[in-house]
file coords_14.csv (CSV, C-alpha atoms and all ligand atoms)
chain,number,residue,atom,x,y,z
A,165,MET,CA,35.8,2.3,-8.5
A,166,HIS,CA,32.2,3.6,-9.0
A,167,GLN,CA,29.2,2.5,-7.1
A,168,GLY,CA,26.0,1.5,-8.8
A,169,ILE,CA,23.0,-0.8,-8.9
A,170,ILE,CA,22.3,-3.6,-11.3
A,171,PHE,CA,19.1,-2.7,-13.2
A,172,LYS,CA,19.1,-5.5,-15.6
A,173,GLY,CA,20.9,-8.7,-16.4
A,174,ILE,CA,20.9,-10.5,-19.7
A,175,GLY,CA,23.1,-13.1,-21.3
A,176,GLY,CA,26.0,-12.6,-19.0
A,177,PHE,CA,25.8,-8.8,-19.3
A,178,TYR,CA,24.7,-6.6,-16.4
A,179,TYR,CA,23.4,-3.1,-16.8
A,180,VAL,CA,24.6,-1.1,-13.9
A,181,LYS,CA,23.2,2.4,-13.2
A,182,SER,CA,25.9,4.6,-11.7
A,183,ALA,CA,25.6,8.4,-11.4
A,184,GLY,CA,22.7,8.5,-13.8
A,185,ALA,CA,24.4,6.6,-16.6
A,186,LEU,CA,23.9,2.9,-17.5
A,187,TYR,CA,27.0,0.8,-18.0
A,188,GLU,CA,27.1,-2.5,-19.8
A,189,CYS,CA,29.3,-4.7,-17.5
A,190,LYS,CA,30.7,-8.2,-17.4
A,191,ALA,CA,31.4,-9.7,-14.0
A,192,ARG,CA,34.9,-10.6,-12.9
A,193,GLY,CA,35.7,-14.3,-13.2
A,194,LYS,CA,36.4,-14.5,-9.5
A,195,PHE,CA,32.6,-14.4,-8.7
A,196,LYS,CA,32.1,-17.6,-10.6
A,197,ASN,CA,34.8,-19.3,-8.5
A,198,GLU,CA,33.2,-17.9,-5.4
A,199,LYS,CA,29.8,-19.2,-6.7
A,200,VAL,CA,28.3,-15.7,-6.5
A,201,THR,CA,26.0,-14.7,-9.3
A,202,PRO,CA,25.2,-11.0,-9.6
A,203,MET,CA,21.5,-10.2,-9.2
A,204,VAL,CA,19.3,-7.4,-10.3
A,205,GLY,CA,19.1,-5.1,-7.4
A,206,ASP,CA,22.7,-5.7,-6.2
A,207,HIS,CA,24.8,-2.8,-5.1
A,208,VAL,CA,28.1,-3.2,-7.0
A,209,GLY,CA,31.4,-1.5,-7.4
A,210,ILE,CA,32.4,-1.2,-11.1
A,211,SER,CA,35.5,-0.1,-13.0
A,212,ILE,CA,34.7,1.8,-16.2
A,213,TYR,CA,37.0,1.1,-19.1
A,214,ASP,CA,35.2,3.0,-21.8
A,215,GLU,CA,33.3,6.0,-20.5
A,216,GLU,CA,32.1,6.9,-24.0
A,217,LYS,CA,30.6,3.5,-24.8
A,218,GLN,CA,29.6,3.1,-21.2
A,219,LEU,CA,31.4,-0.2,-20.7
A,220,GLY,CA,32.6,-1.5,-17.3
A,221,VAL,CA,33.4,-4.5,-15.2
A,222,ILE,CA,31.8,-5.5,-11.9
A,223,GLU,CA,34.6,-5.7,-9.4
A,224,GLU,CA,32.6,-6.0,-6.1
A,225,ILE,CA,29.2,-7.1,-5.0
A,226,MET,CA,28.0,-5.6,-1.7
A,227,ALA,CA,26.3,-7.7,0.9
A,228,ARG,CA,22.6,-8.1,0.2
A,229,LYS,CA,19.9,-6.9,2.6
A,230,ASN,CA,17.6,-9.6,1.3
A,231,SER,CA,16.9,-11.4,-2.0
A,232,LEU,CA,13.7,-12.6,-3.6
A,233,VAL,CA,13.5,-15.8,-5.7
A,234,ARG,CA,10.7,-15.0,-8.0
A,235,PRO,CA,11.4,-12.4,-9.3
A,236,ALA,CA,15.1,-12.8,-8.6
A,237,VAL,CA,15.9,-9.4,-7.2
A,238,SER,CA,17.9,-8.3,-4.2
A,239,ASN,CA,17.7,-5.4,-1.8
A,240,VAL,CA,14.0,-4.8,-2.2
A,241,ASP,CA,12.6,-2.4,0.5
A,242,GLN,CA,8.9,-2.9,0.2
A,243,ALA,CA,6.0,-4.8,-1.3
A,244,ILE,CA,3.1,-3.0,-2.7
A,245,ILE,CA,0.3,-5.6,-2.3
A,246,VAL,CA,-2.5,-4.8,-4.8
A,247,PHE,CA,-6.0,-6.1,-4.6
A,248,SER,CA,-9.1,-4.6,-6.4
A,249,ILE,CA,-12.2,-3.6,-4.5
A,250,LYS,CA,-14.3,-5.3,-7.1
A,251,ASN,CA,-13.9,-7.4,-10.2
A,252,PRO,CA,-12.3,-9.5,-8.8
A,253,ASP,CA,-13.5,-9.1,-5.2
A,254,PRO,CA,-10.6,-9.3,-2.8
A,255,ASN,CA,-9.9,-12.6,-1.1
A,256,LEU,CA,-8.7,-11.4,2.3
A,257,MET,CA,-7.3,-14.8,3.2
A,258,LEU,CA,-5.0,-14.6,0.1
A,259,LEU,CA,-4.1,-11.1,1.0
A,260,ASP,CA,-3.1,-12.1,4.5
A,261,LYS,CA,-1.0,-14.9,3.1
A,262,MET,CA,0.8,-12.4,0.8
A,263,ILE,CA,1.5,-10.2,3.7
A,264,VAL,CA,3.0,-13.1,5.6
A,265,LEU,CA,5.3,-13.9,2.7
A,266,ALA,CA,6.3,-10.3,2.3
A,267,GLU,CA,7.0,-10.0,6.0
A,268,HIS,CA,9.0,-13.3,5.8
A,269,ALA,CA,11.1,-11.9,3.0
A,270,GLY,CA,11.9,-8.9,5.2
A,271,LEU,CA,10.0,-6.4,3.2
A,272,ASP,CA,7.8,-3.5,4.4
A,273,VAL,CA,4.2,-3.9,3.4
A,274,ILE,CA,1.9,-1.4,1.8
A,275,LEU,CA,-1.6,-2.3,0.8
A,276,CYS,CA,-3.2,-0.8,-2.3
A,277,PHE,CA,-6.8,-1.3,-3.1
A,278,ASN,CA,-7.3,-0.5,-6.8
A,279,LYS,CA,-10.4,0.1,-8.9
A,280,SER,CA,-11.9,2.7,-6.5
A,281,ASP,CA,-14.2,3.7,-9.3
A,282,LEU,CA,-16.1,0.4,-8.7
A,283,ASP,CA,-16.4,1.0,-5.0
A,284,VAL,CA,-20.2,1.8,-4.9
A,285,ASP,CA,-20.6,0.3,-1.5
A,286,TYR,CA,-17.7,2.0,0.2
A,287,ASP,CA,-15.9,-1.3,0.8
A,288,PHE,CA,-12.6,0.5,0.9
A,289,ASP,CA,-13.5,1.9,4.4
A,290,GLN,CA,-13.9,-1.6,5.8
A,291,PHE,CA,-10.6,-2.9,4.2
A,292,SER,CA,-8.8,0.2,5.2
A,293,ARG,CA,-9.9,-0.2,8.8
A,294,ILE,CA,-8.9,-3.8,9.1
A,295,TYR,CA,-5.4,-3.2,7.8
A,296,THR,CA,-4.8,0.2,9.3
A,297,ARG,CA,-5.5,-1.3,12.7
A,298,ALA,CA,-3.0,-4.1,11.9
A,299,GLY,CA,-0.4,-1.4,11.4
A,300,TYR,CA,-0.2,-1.2,7.7
A,301,ARG,CA,-0.3,1.8,5.3
A,302,VAL,CA,-3.4,1.4,3.1
A,303,ILE,CA,-4.1,3.4,-0.1
A,304,ASN,CA,-6.9,3.6,-2.6
A,305,THR,CA,-6.3,4.0,-6.3
A,306,CYS,CA,-8.0,4.0,-9.6
A,307,ALA,CA,-5.4,3.1,-12.3
A,308,ILE,CA,-7.7,4.0,-15.3
A,309,LYS,CA,-8.7,7.4,-14.0
A,310,ARG,CA,-5.3,7.9,-12.4
A,311,LEU,CA,-6.6,8.6,-8.9
A,312,GLY,CA,-4.4,8.1,-5.9
A,313,ILE,CA,-1.3,7.9,-8.0
A,314,ASP,CA,0.3,10.8,-6.2
A,315,ALA,CA,0.1,8.9,-2.9
A,316,LEU,CA,1.5,5.8,-4.5
A,317,LEU,CA,4.4,7.8,-6.0
A,318,GLU,CA,5.2,9.3,-2.5
A,319,ILE,CA,5.3,5.7,-1.1
A,320,LEU,CA,7.7,4.7,-3.9
A,321,ARG,CA,10.1,7.7,-3.3
A,322,ASP,CA,13.7,6.6,-2.8
A,323,LYS,CA,12.9,3.0,-2.2
A,324,ILE,CA,13.0,-0.2,-4.2
A,325,SER,CA,9.5,-1.7,-4.5
A,326,VAL,CA,8.0,-4.8,-5.9
A,327,PHE,CA,4.3,-5.1,-6.7
A,328,SER,CA,2.3,-8.2,-5.9
A,329,GLY,CA,-1.2,-9.3,-6.0
A,330,PRO,CA,-3.5,-11.7,-7.9
A,331,SER,CA,-4.0,-11.3,-11.7
A,332,GLY,CA,-6.7,-8.9,-12.9
A,333,VAL,CA,-6.4,-6.4,-10.0
A,334,GLY,CA,-4.6,-3.8,-12.1
A,335,LYS,CA,-0.9,-4.2,-11.3
A,336,SER,CA,0.1,-3.6,-14.9
A,337,SER,CA,-2.3,-0.7,-15.2
A,338,LEU,CA,-0.7,0.9,-12.1
A,339,LEU,CA,2.8,0.3,-13.5
A,340,ASN,CA,1.7,2.0,-16.7
A,341,ALA,CA,0.4,5.0,-14.8
A,342,ILE,CA,3.7,5.2,-12.9
A,343,GLU,CA,5.9,4.6,-16.0
A,344,ASP,CA,4.8,8.1,-17.1
A,345,PHE,CA,7.2,9.2,-14.3
A,346,ALA,CA,10.1,7.0,-15.4
A,347,VAL,CA,13.5,8.6,-15.8
A,348,GLU,CA,14.2,8.7,-19.5
A,349,THR,CA,17.7,9.3,-20.6
A,350,GLY,CA,18.2,8.4,-24.3
A,351,GLU,CA,21.1,6.0,-23.6
A,352,VAL,CA,19.2,4.2,-20.8
A,353,SER,CA,16.1,3.5,-22.8
A,354,GLU,CA,18.0,2.5,-25.9
A,355,LYS,CA,20.0,-0.1,-24.0
A,356,ILE,CA,16.9,-1.4,-22.1
A,357,LYS,CA,14.9,-1.7,-25.3
A,358,ARG,CA,17.6,-3.7,-27.1
A,359,GLY,CA,17.0,-6.6,-24.7
A,360,ARG,CA,13.2,-6.4,-24.8
A,361,HIS,CA,12.6,-9.2,-27.1
A,362,THR,CA,14.9,-11.8,-25.7
A,363,THR,CA,14.2,-13.9,-22.7
A,364,ARG,CA,12.3,-11.9,-20.2
A,365,HIS,CA,14.1,-11.4,-16.9
A,366,SER,CA,13.0,-8.9,-14.3
A,367,GLU,CA,14.5,-5.5,-14.5
A,368,LEU,CA,14.3,-2.3,-12.5
A,369,PHE,CA,13.1,1.1,-13.6
A,370,GLU,CA,13.7,4.4,-11.9
A,371,ILE,CA,11.1,7.1,-11.5
A,372,GLN,CA,11.8,10.8,-11.2
A,373,ASN,CA,11.5,11.0,-7.4
A,374,GLY,CA,14.3,8.4,-7.0
A,375,GLY,CA,11.9,5.4,-6.5
A,376,ILE,CA,13.0,2.2,-8.2
A,377,ILE,CA,10.4,-0.4,-9.2
A,378,VAL,CA,10.7,-4.1,-10.1
A,379,ASP,CA,8.9,-4.5,-13.5
A,380,THR,CA,7.4,-7.9,-12.7
A,381,PRO,CA,5.2,-8.9,-9.8
A,382,GLY,CA,6.4,-10.9,-6.8
A,383,PHE,CA,4.9,-13.6,-4.7
A,384,THR,CA,2.8,-15.0,-7.5
A,385,SER,CA,3.5,-18.6,-6.6
A,386,LEU,CA,2.4,-18.8,-3.0
A,387,SER,CA,4.5,-21.2,-0.8
A,388,LEU,CA,4.4,-20.9,2.9
A,389,ALA,CA,6.6,-24.0,3.1
A,390,ASP,CA,9.6,-22.3,4.8
A,391,VAL,CA,7.6,-20.2,7.2
A,392,GLU,CA,7.9,-21.9,10.6
A,393,PRO,CA,4.6,-21.9,12.7
A,394,GLU,CA,6.5,-20.6,15.7
A,395,ILE,CA,7.4,-17.4,14.0
A,396,LEU,CA,4.0,-16.8,12.2
A,397,GLY,CA,2.8,-14.5,15.0
A,398,ASP,CA,5.8,-12.2,14.4
A,399,TYR,CA,4.3,-11.5,10.9
A,400,PHE,CA,1.1,-10.1,12.4
A,401,PRO,CA,2.3,-6.8,13.7
A,402,GLU,CA,-0.8,-6.1,15.8
A,403,PHE,CA,0.0,-9.3,17.8
A,404,ARG,CA,3.4,-8.0,18.9
A,405,ILE,CA,2.5,-5.8,21.9
A,406,PRO,CA,-0.3,-8.1,23.2
A,407,ALA,CA,2.0,-11.1,22.9
A,408,GLU,CA,4.3,-9.6,25.5
A,409,SER,CA,1.8,-10.4,28.1
A,410,CYS,CA,1.4,-14.1,27.1
A,411,ARG,CA,2.2,-16.4,30.0
A,412,PHE,CA,4.4,-18.6,27.8
A,413,ASP,CA,7.3,-17.2,25.7
A,414,ASN,CA,6.6,-19.7,22.9
A,415,CYS,CA,2.8,-19.1,23.1
A,416,SER,CA,1.1,-20.0,19.8
A,417,HIS,CA,-1.9,-17.9,20.8
A,418,ILE,CA,-4.2,-20.9,20.1
A,419,ASN,CA,-4.8,-23.1,23.1
A,420,GLU,CA,-2.6,-21.7,25.8
A,421,PRO,CA,-4.0,-20.1,28.9
A,422,GLU,CA,-3.3,-16.5,29.8
A,423,CYS,CA,-2.6,-15.5,26.2
A,424,GLY,CA,-2.3,-11.8,25.6
A,425,VAL,CA,-3.3,-12.1,22.0
A,426,LYS,CA,-6.6,-13.9,22.7
A,427,GLU,CA,-7.3,-11.3,25.4
A,428,ALA,CA,-6.7,-8.5,22.9
A,429,ILE,CA,-9.2,-10.2,20.6
A,430,GLU,CA,-11.8,-10.5,23.3
A,431,ASN,CA,-11.3,-6.8,24.0
A,432,LYS,CA,-11.7,-6.1,20.3
A,433,LEU,CA,-8.2,-4.6,20.1
A,434,ILE,CA,-7.4,-7.0,17.2
A,435,GLU,CA,-9.7,-7.5,14.2
A,436,SER,CA,-11.2,-11.0,14.5
A,437,VAL,CA,-10.7,-11.6,10.7
A,438,ARG,CA,-7.0,-11.2,11.1
A,439,TYR,CA,-6.9,-13.7,14.0
A,440,ASP,CA,-9.0,-16.1,11.8
A,441,ALA,CA,-6.4,-15.7,9.1
A,442,TYR,CA,-3.7,-16.4,11.6
A,443,LEU,CA,-5.4,-19.6,12.7
A,444,TYR,CA,-6.0,-20.7,9.1
A,445,ILE,CA,-2.4,-20.1,8.0
A,446,TYR,CA,-1.0,-21.7,11.1
A,447,LYS,CA,-3.1,-24.8,10.5
A,448,GLU,CA,-2.1,-24.9,6.8
A,449,ILE,CA,1.6,-24.6,7.7
A,450,THR,CA,1.6,-27.3,10.4
A,451,GLU,CA,-0.4,-29.7,8.1
A,452,GLN,CA,2.1,-29.1,5.3
A,453,LYS,CA,4.9,-29.9,7.6
A,454,ARG,CA,3.3,-33.0,8.9
A,455,ARG,CA,2.8,-34.2,5.3
A,456,THR,CA,6.3,-33.6,4.2
A,457,ASN,CA,7.8,-35.1,7.4
A,458,LYS,CA,6.1,-38.4,6.6
A,459,TRP,CA,8.1,-38.9,3.5
B,1,LIG,N1,-12.6,-0.2,-13.4
B,1,LIG,C1,-11.3,-0.3,-13.3
B,1,LIG,N2,-10.6,-1.2,-14.1
B,1,LIG,C2,-9.3,-1.3,-13.9
B,1,LIG,C3,-8.6,-0.5,-13.1
B,1,LIG,N3,-7.3,-0.8,-13.2
B,1,LIG,C4,-7.2,-1.8,-14.1
B,1,LIG,N4,-8.4,-2.1,-14.6
B,1,LIG,C5,-8.8,-3.2,-15.5
B,1,LIG,O1,-8.6,-4.4,-14.9
B,1,LIG,C6,-8.1,-5.4,-15.9
B,1,LIG,C7,-6.9,-6.0,-15.4
B,1,LIG,O2,-5.8,-5.0,-15.3
B,1,LIG,P1,-4.3,-5.4,-15.3
B,1,LIG,O3,-3.6,-4.1,-15.1
B,1,LIG,O4,-4.0,-6.2,-16.5
B,1,LIG,O5,-4.2,-6.3,-14.0
B,1,LIG,P2,-3.0,-7.2,-13.6
B,1,LIG,O6,-3.3,-8.6,-14.0
B,1,LIG,O7,-3.0,-7.1,-12.1
B,1,LIG,O8,-1.7,-6.7,-14.2
B,1,LIG,C8,-8.0,-4.6,-17.2
B,1,LIG,O9,-9.1,-4.8,-18.0
B,1,LIG,C9,-7.9,-3.2,-16.7
B,1,LIG,O10,-8.3,-2.2,-17.7
B,1,LIG,C10,-9.3,0.5,-12.3
B,1,LIG,O11,-8.7,1.3,-11.5
B,1,LIG,N5,-10.6,0.5,-12.5
B,2,MG,MG,-0.3,-7.7,-15.3
B,3,ZN,ZN,-0.4,-16.0,23.3

call {"tool": "encode", "arguments": {"input": "coords_14.csv", "output": "structure tokens"}}
result
Amino acid sequence: MHQGIIFKGIGGFYYVKSAGALYECKARGKFKNEKVTPMVGDHVGISIYDEEKQLGVIEEIMARKNSLVRPAVSNVDQAIIVFSIKNPDPNLMLLDKMIVLAEHAGLDVILCFNKSDLDVDYDFDQFSRIYTRAGYRVINTCAIKRLGIDALLEILRDKISVFSGPSGVGKSSLLNAIEDFAVETGEVSEKIKRGRHTTRHSELFEIQNGGIIVDTPGFTSLSLADVEPEILGDYFPEFRIPAESCRFDNCSHINEPECGVKEAIENKLIESVRYDAYLYIYKEITEQKRRTNKW
């Protein structure tokens, strides 16, 4: 048996990359009985029955580390959340929501502020400060002048990454800049191209430094519906240590006395905009729950 990763799925065929080659595979019937559908991103064991034509069968699907719904991809390591510095201006509340969703999905979060060429007021410094203090890696890029792409490539190295962010911020432009570094073996690109014009599903592409990228953005439909308010604080990394000194274990950091998080805000150890975002999202989630519970 050979180990590989599903890079693409189309019409019941799965394209599995194994030792640098791409195999067109069917899945064993037993998966259907077990109600398991192979997903892009799955680590699989395949048997190869025609090495020349690169045909195989998926025999085994390894346990998934995580799986995203839209795009339907498993085993993603990190989300590169992209906002532009200008045109459009970043909506930090939306950014904080995307971070919460990525954290909830179990992904590492990297923030990328694109369109650095439009940053005449040095806004990046401010954004960078807020999110670096929160514990995130923050980078600055210009997709059209290809600035900051090296730092982005380093972040992508040997990981599976999904890009997310509102439309117009430059995600596709960044992917284009990165695609110059895509691994091109004749066979691979031919097979991938063949499916290009049929129904569009997400697929993966590999870059030369071993990074793997999901070719469609994630978290485009924002639903905080299955984030429980009690765990929201866990998705704000800068709350973690201060929360250890909260008097109550289940402290929501809102109205309770002797709250370590509120103390940290008073002492300016936590950025107040991040706490405001926490309150806003907390309220939104609890109101959503109240509405759905009525029915
Ligand atoms: N000034 C500037 N414009 C950019 C940059 N990156 C992308 N754009 C432009 O922003 C618009 C939206 O880019 P696109 O990649 O389609 O964004 P997406 O919706 O996030 O995929 C296009 O007109 C791009 O040319 C950049 O770094 N600087
Ligand atoms: Mg796009
Ligand atoms: Zn607290």

call {"tool": "closest_atom_pairs", "arguments": {"input": "coords_14.csv", "of": "region 193-295 of chain A", "to": "region 386-391 of chain A", "cutoff": "9 Å", "atoms": "only C-alpha atoms", "output": "CSV"}}
result
residue,atom,partner,partner_atom,distance
A:Lys261,CA,A:Leu386,CA,8.0
A:Met262,CA,A:Leu386,CA,7.6
A:Val264,CA,A:Leu388,CA,8.4
A:Leu265,CA,A:Leu388,CA,7.1
A:His268,CA,A:Val391,CA,7.2

call {"tool": "residues_near_ligand", "arguments": {"input": "coords_14.csv", "ligand": "ligand MG 2 (chain B)", "cutoff": "8 Å", "atoms": "only C-alpha atoms and all ligand atoms", "output": "PyMOL selection string"}}
result
chain A and resi 331-332+334-337+381

call {"tool": "residues_near_ligand", "arguments": {"input": "coords_14.csv", "ligand": "ligand LIG 1 (chain B)", "cutoff": "8 Å", "atoms": "all atoms listed in the file", "output": "compact mmCIF listing (two decimals) with C-alpha atoms, in the frame of the given file"}}
result
# COMPACT_ATOMS: atom_id res chain seq x y z
CA VAL A 246 -2.50 -4.80 -4.80
CA SER A 248 -9.10 -4.60 -6.40
CA ASN A 251 -13.90 -7.40 -10.20
CA ASN A 278 -7.30 -0.50 -6.80
CA LYS A 279 -10.40 0.10 -8.90
CA SER A 280 -11.90 2.70 -6.50
CA ASP A 281 -14.20 3.70 -9.30
CA LEU A 282 -16.10 0.40 -8.70
CA THR A 305 -6.30 4.00 -6.30
CA CYS A 306 -8.00 4.00 -9.60
CA ALA A 307 -5.40 3.10 -12.30
CA ILE A 308 -7.70 4.00 -15.30
CA LYS A 309 -8.70 7.40 -14.00
CA ARG A 310 -5.30 7.90 -12.40
CA GLY A 329 -1.20 -9.30 -6.00
CA PRO A 330 -3.50 -11.70 -7.90
CA SER A 331 -4.00 -11.30 -11.70
CA GLY A 332 -6.70 -8.90 -12.90
CA VAL A 333 -6.40 -6.40 -10.00
CA GLY A 334 -4.60 -3.80 -12.10
CA LYS A 335 -0.90 -4.20 -11.30
CA SER A 336 0.10 -3.60 -14.90
CA SER A 337 -2.30 -0.70 -15.20
CA LEU A 338 -0.70 0.90 -12.10
CA LEU A 339 2.80 0.30 -13.50

call {"tool": "closest_residue", "arguments": {"input": "coords_14.csv", "among": "A:Ile222, A:Met203, A:Val302, A:Val208", "to": "Glu188 (chain A)", "atoms": "all atoms listed in the file"}}
result
A:Ile222

call {"tool": "residues_around", "arguments": {"input": "coords_14.csv", "residues": "Tyr179 (chain A)", "least_positions_apart": "2", "cutoff": "6 Å", "atoms": "all atoms listed in the file", "output": "CSV table (one decimal) with C-alpha atoms, in the coordinates of the input"}}
result
chain,number,residue,atom,x,y,z
A,170,ILE,CA,22.3,-3.6,-11.3
A,171,PHE,CA,19.1,-2.7,-13.2
A,172,LYS,CA,19.1,-5.5,-15.6
A,187,TYR,CA,27.0,0.8,-18.0
A,188,GLU,CA,27.1,-2.5,-19.8
